[in-house]
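S.K.: Input structure: query_11.pdb, which contains PDB, C-alpha atoms.
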```
ATOM      1  CA  VAL A   1       0.000   0.000   0.000
ATOM      2  CA  GLN A   2       1.272   3.447  -0.893
ATOM      3  CA  LEU A   3      -0.148   6.542   0.768
ATOM      4  CA  GLN A   4       0.091  10.043  -0.654
ATOM      5  CA  ALA A   5      -0.760  12.956   1.625
ATOM      6  CA  SER A   6      -1.526  16.346   0.110
ATOM      7  CA  GLY A   7      -3.556  19.457   0.740
ATOM      8  CA  GLY A   8      -1.497  21.178   3.390
ATOM      9  CA  GLY A   9      -0.564  24.819   3.099
ATOM     10  CA  LEU A  10      -0.283  28.207   4.769
ATOM     11  CA  VAL A  11      -3.362  29.694   6.409
ATOM     12  CA  ILE A  12      -4.146  32.494   8.844
ATOM     13  CA  ALA A  13      -5.389  31.534  12.313
ATOM     14  CA  GLY A  14      -9.097  30.780  12.217
ATOM     15  CA  GLY A  15      -8.904  29.474   8.674
ATOM     16  CA  SER A  16      -9.458  25.992   7.255
ATOM     17  CA  LEU A  17      -7.602  23.338   5.319
ATOM     18  CA  ARG A  18      -8.531  19.861   4.141
ATOM     19  CA  PRO A  19      -5.560  17.552   3.686
ATOM     20  CA  SER A  20      -6.246  14.279   1.947
ATOM     21  CA  CYS A  21      -4.585  10.872   1.969
ATOM     22  CA  ALA A  22      -4.868   8.874  -1.242
ATOM     23  CA  ALA A  23      -4.048   5.163  -1.238
ATOM     24  CA  SER A  24      -2.979   2.838  -3.990
ATOM     25  CA  GLY A  25      -2.624  -0.904  -3.753
ATOM     26  CA  GLY A  26      -3.950  -3.131  -1.022
ATOM     27  CA  THR A  27      -7.542  -3.313   0.163
ATOM     28  CA  PHE A  28      -7.833   0.198   1.489
ATOM     29  CA  ARG A  29     -11.448  -0.040   2.582
ATOM     30  CA  ARG A  30     -10.434  -2.681   5.116
ATOM     31  CA  TYR A  31      -7.807  -0.539   6.771
ATOM     32  CA  ALA A  32      -8.151   1.871   9.627
ATOM     33  CA  VAL A  33      -6.440   5.181   8.851
ATOM     34  CA  GLY A  34      -4.886   7.633  11.244
ATOM     35  CA  TRP A  35      -3.546  11.146  10.978
ATOM     36  CA  PHE A  36      -0.511  12.130  13.044
ATOM     37  CA  ARG A  37       1.461  15.336  13.187
ATOM     38  CA  GLN A  38       4.976  16.324  14.109
ATOM     39  CA  SER A  39       6.359  19.780  14.738
ATOM     40  CA  ALA A  40       9.870  21.039  15.402
ATOM     41  CA  ARG A  41       9.155  21.143  19.143
ATOM     42  CA  ASN A  42       7.024  18.036  19.588
ATOM     43  CA  GLU A  43       7.287  14.334  18.936
ATOM     44  CA  ARG A  44       4.890  12.752  16.492
ATOM     45  CA  GLU A  45       1.428  12.812  18.019
ATOM     46  CA  PHE A  46      -1.933  11.294  17.238
ATOM     47  CA  VAL A  47      -4.542  13.583  15.701
ATOM     48  CA  ALA A  48      -7.464  11.461  14.493
ATOM     49  CA  ALA A  49      -8.349   7.996  13.243
ATOM     50  CA  ILE A  50     -11.169   6.366  11.327
ATOM     51  CA  ALA A  51     -12.177   2.712  11.064
ATOM     52  CA  GLY A  52     -12.202   0.918   7.729
ATOM     53  CA  THR A  53     -15.955   1.150   7.448
ATOM     54  CA  GLY A  54     -15.880   4.801   8.387
ATOM     55  CA  GLY A  55     -18.368   4.199  11.153
ATOM     56  CA  ARG A  56     -16.099   5.000  14.067
ATOM     57  CA  THR A  57     -13.759   7.921  14.596
ATOM     58  CA  TRP A  58     -11.412   9.080  17.338
ATOM     59  CA  TYR A  59      -9.807  12.467  17.958
ATOM     60  CA  GLN A  60      -7.139  13.984  20.093
ATOM     61  CA  ASP A  61      -8.797  16.209  22.689
ATOM     62  CA  SER A  62      -7.183  19.402  21.365
ATOM     63  CA  VAL A  63      -8.800  18.994  17.924
ATOM     64  CA  LYS A  64     -12.261  17.768  18.928
ATOM     65  CA  GLY A  65     -14.944  20.020  17.519
ATOM     66  CA  ARG A  66     -12.506  21.585  15.031
ATOM     67  CA  PHE A  67     -11.237  18.643  12.951
ATOM     68  CA  THR A  68     -13.284  15.998  11.158
ATOM     69  CA  ILE A  69     -11.862  12.820   9.659
ATOM     70  CA  SER A  70     -13.796  11.112   6.881
ATOM     71  CA  ARG A  71     -13.195   8.664   4.079
ATOM     72  CA  ASP A  72     -14.422   7.845   0.611
ATOM     73  CA  ASN A  73     -13.583   4.213   0.020
ATOM     74  CA  ALA A  74     -14.696   4.418  -3.598
ATOM     75  CA  LYS A  75     -11.876   6.919  -4.118
ATOM     76  CA  ASN A  76      -9.442   5.228  -1.708
ATOM     77  CA  THR A  77      -9.075   8.554   0.066
ATOM     78  CA  VAL A  78      -9.253   9.793   3.639
ATOM     79  CA  TYR A  79      -9.758  13.473   4.448
ATOM     80  CA  LEU A  80      -9.008  15.627   7.463
ATOM     81  CA  GLN A  81     -11.178  18.726   7.508
ATOM     82  CA  MET A  82      -9.453  21.226   9.769
ATOM     83  CA  ASN A  83     -11.410  24.299  10.857
ATOM     84  CA  SER A  84     -10.646  27.095  13.317
ATOM     85  CA  LEU A  85      -6.951  26.452  12.893
ATOM     86  CA  LYS A  86      -4.541  27.713  15.530
ATOM     87  CA  PRO A  87      -0.811  28.448  15.333
ATOM     88  CA  GLU A  88      -0.195  25.411  17.565
ATOM     89  CA  ASP A  89      -1.650  23.201  14.815
ATOM     90  CA  THR A  90       1.413  23.984  12.714
ATOM     91  CA  ALA A  91       3.168  20.695  11.895
ATOM     92  CA  VAL A  92       3.859  18.145   9.221
ATOM     93  CA  TYR A  93       0.772  15.954   8.990
ATOM     94  CA  TYR A  94       1.160  12.281   8.171
ATOM     95  CA  CYS A  95      -1.438   9.691   7.286
ATOM     96  CA  ALA A  96      -0.988   6.042   8.106
ATOM     97  CA  ALA A  97      -2.883   2.809   7.499
ATOM     98  CA  ASP A  98      -3.469  -0.070   9.904
ATOM     99  CA  VAL A  99      -4.373  -3.360   8.226
ATOM    100  CA  ASN A 100      -6.593  -4.055  11.225
ATOM    101  CA  GLY A 101      -9.713  -2.197  10.134
ATOM    102  CA  ASP A 102     -11.093  -1.615  13.624
ATOM    103  CA  LEU A 103     -10.089   1.140  15.965
ATOM    104  CA  ARG A 104      -8.521  -0.227  19.136
ATOM    105  CA  SER A 105      -6.773   1.170  22.155
ATOM    106  CA  SER A 106      -3.457   1.123  20.322
ATOM    107  CA  SER A 107      -4.802   3.159  17.396
ATOM    108  CA  ARG A 108      -3.445   6.290  19.056
ATOM    109  CA  ARG A 109       0.112   4.933  18.849
ATOM    110  CA  SER A 110       2.164   5.426  15.718
ATOM    111  CA  SER A 111       3.742   1.991  16.107
ATOM    112  CA  THR A 112       0.347   0.385  15.405
ATOM    113  CA  TYR A 113       0.341   1.484  11.778
ATOM    114  CA  ASP A 114       1.755  -0.537   8.927
ATOM    115  CA  TYR A 115       2.006   2.010   6.122
ATOM    116  CA  TRP A 116       2.852   5.707   6.131
ATOM    117  CA  GLY A 117       2.550   8.583   3.703
ATOM    118  CA  GLN A 118       5.258  11.192   3.204
ATOM    119  CA  GLY A 119       3.588  14.051   5.096
ATOM    120  CA  THR A 120       2.160  17.416   4.159
ATOM    121  CA  GLN A 121       3.120  20.708   5.805
ATOM    122  CA  VAL A 122       0.446  22.752   7.564
ATOM    123  CA  THR A 123       1.449  26.227   8.708
ATOM    124  CA  VAL A 124      -0.927  28.463  10.651
ATOM    125  CA  SER A 125       0.134  32.074  11.081
ATOM    126  CA  SER A 126      -1.131  34.264  13.905
TER     127      SER A 126
END
```
Take the structure in the file and write it out as structure tokens.
M.R.:
Amino acid sequence: VQLQASGGGLVIAGGSLRPSCAASGGTFRRYAVGWFRQSARNEREFVAAIAGTGGRTWYQDSVKGRFTISRDNAKNTVYLQMNSLKPEDTAVYYCAADVNGDLRSSSRRSSTYDYWGQGTQVTVSS
């Protein structure tokens, strides 16, 4: 499975972006997908995850109510709608796929994921 993240960019605080993660190969609809982010000051951290069916989602507390993860299995793509962006959201955002399609307690750990995309830069200016 190859993952391609895109859709990052530069936005003013309060603005929105919608990065996407496109997959090729494998049986994408069966995989859970997570978004993680890493900044210059912080280690890679969990942002959001969605089950293979799309019926279950999890979020990091700091993005709840602002970010929405969704997927279109017909297009082999997962999206991260990011609204009300803050400067502290600035990071490289990575998508990752877990061949276990269900969300589980370990879905917040980067080591759970089997495949990773290359990352897309999100910069929020104040």
S.K.: Just checking: using only C-alpha atoms, which residue out of A:Arg66, A:Val1, A:Arg44, A:Arg30 ends up closest to Lys86 of chain A?
M.R.: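 Using only C-alpha atoms, Lys86 of chain A sits closest to A:Arg66.
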S.K.: Quick one: apply the PyMOL selection byres ((chain A and resi 33) around 7) to the file and drop the selected residues here as a list in words.
M.R.: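 Given this file, the PyMOL selection byres ((chain A and resi 33) around 7) evaluates to Tyr31, Ala32, Gly34, Trp35, Ala49, Ile50, Ala51, Cys95, Ala96, Ala97 and Asp98 of chain A.
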S.K.: So that I can see what lies close to Leu3 of chain A, please list as a list of chain:residue names the residues with an atom at most 8 Å from it, counting all atoms listed in the file and leaving out residues fewer than 4 positions away in the same chain.
M.R.: A:Cys21, A:Ala22, A:Ala23, A:Ser24, A:Cys95, A:Ala96, A:Tyr115, A:Trp116, A:Gly117, A:Gln118
S.K.: Kindly extract all protein, DNA and RNA residues lying within 9 Å of the coordinates (8.9, 17.1, 10.0) given in the file, considering only C-alpha atoms, and supply them as a list in words.
M.R.: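 Those residues lying close to the given coordinates are Arg37, Gln38, Ser39, Ala40, Arg44, Ala91, Val92, Tyr93, Gly119, Thr120 and Gln121 of chain A.
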S.K.: Anything within 8 Å of (-12.4, -1.5, 2.3): list those residues as a short mmCIF file (atom, residue, chain, number, x, y, z; two decimals) with C-alpha atoms, in the frame of the given file, counting all atoms listed in the file and sticking to the file's coordinates.
M.R.:
```cif
data_model
loop_
_atom_site.label_atom_id
_atom_site.label_comp_id
_atom_site.auth_asym_id
_atom_site.auth_seq_id
_atom_site.Cartn_x
_atom_site.Cartn_y
_atom_site.Cartn_z
CA THR A 27 -7.54 -3.31 0.16
CA PHE A 28 -7.83 0.20 1.49
CA ARG A 29 -11.45 -0.04 2.58
CA ARG A 30 -10.43 -2.68 5.12
CA TYR A 31 -7.81 -0.54 6.77
CA GLY A 52 -12.20 0.92 7.73
CA THR A 53 -15.96 1.15 7.45
CA ASN A 73 -13.58 4.21 0.02
#
```
S.K.: Atom CA of Arg56 of chain A and atom CA of Ile69 of chain A, how far apart in Å?
M.R.: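 Answer for the atom CA of Ile69 of chain A to atom CA of Arg56 of chain A separation: 9.9 Å.
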S.K.: Hey, can I get the axis-aligned box for segment 98-116 of chain A? All listed atoms, 3 Å padding on each side, centre and edge lengths in Å to one decimal, as JSON.
M.R.:
```
{"center_x": -3.7, "center_y": 1.1, "center_z": 14.1, "size_x": 20.8, "size_y": 16.3, "size_z": 22.0}
```
S.K.: I'd like to know which of A:Asp89, A:Asp61, A:Asp102, A:Glu43 is closest to Gly8 of chain A, using only C-alpha atoms.
M.R.: A:Asp89
S.K.: Please evaluate the PyMOL selection byres ((chain A and resi 90) around 6) against the displayed coordinates and give the resulting residues as a PyMOL selection string.
M.R.: chain A and resi 87-89+91+122-124
S.K.: Rank nothing, just name the residue among A:Ser62, A:Tyr94, A:Asn83, A:Phe46 nearest to Ile12 of chain A, using only C-alpha atoms.
M.R.: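 The answer is A:Asn83, which sits nearest to Ile12 of chain A.
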S.K.: So which one's closest to Val78 of chain A, A:Lys64, A:Arg41, A:Arg104, A:Arg18? Using only C-alpha atoms, please.
M.R.: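 Among the listed residues, the smallest separation from Val78 of chain A belongs to A:Arg18.
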S.K.: With only C-alpha atoms as the basis for distance, which of A:Ser70, A:Thr77, A:Ser110, A:Ser125 is at the shortest distance from Thr57 of chain A?
M.R.: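 Checking each candidate against Thr57 of chain A, we get A:Ser70 as the closest.
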S.K.: For atom CA of Met82 of chain A and atom CA of Pro19 of chain A, quote the distance in Å rounded to one decimal.
M.R.: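 Atom-to-atom, atom CA of Met82 of chain A to atom CA of Pro19 of chain A, that is 8.1 Å.
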S.K.: Choose the residue, out of A:Ala74, A:Phe36, A:Tyr79, A:Ser126, that has the smallest atom-to-atom separation from Tyr59 of chain A; count all atoms listed in the file.
M.R.: A:Phe36
S.K.: Would you compute the distance between atom CA of Val47 of chain A and atom CA of Asn100 of chain A? Give it in Å to one decimal.
M.R.: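 Going from atom CA of Val47 of chain A over to atom CA of Asn100 of chain A, I get 18.3 Å.
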S.K.: Can you spell out as a PyMOL selection string the set of residues that the PyMOL selection byres ((chain A and resi 84) around 6) selects in the structure I just provided?
M.R.: chain A and resi 14-15+83+85
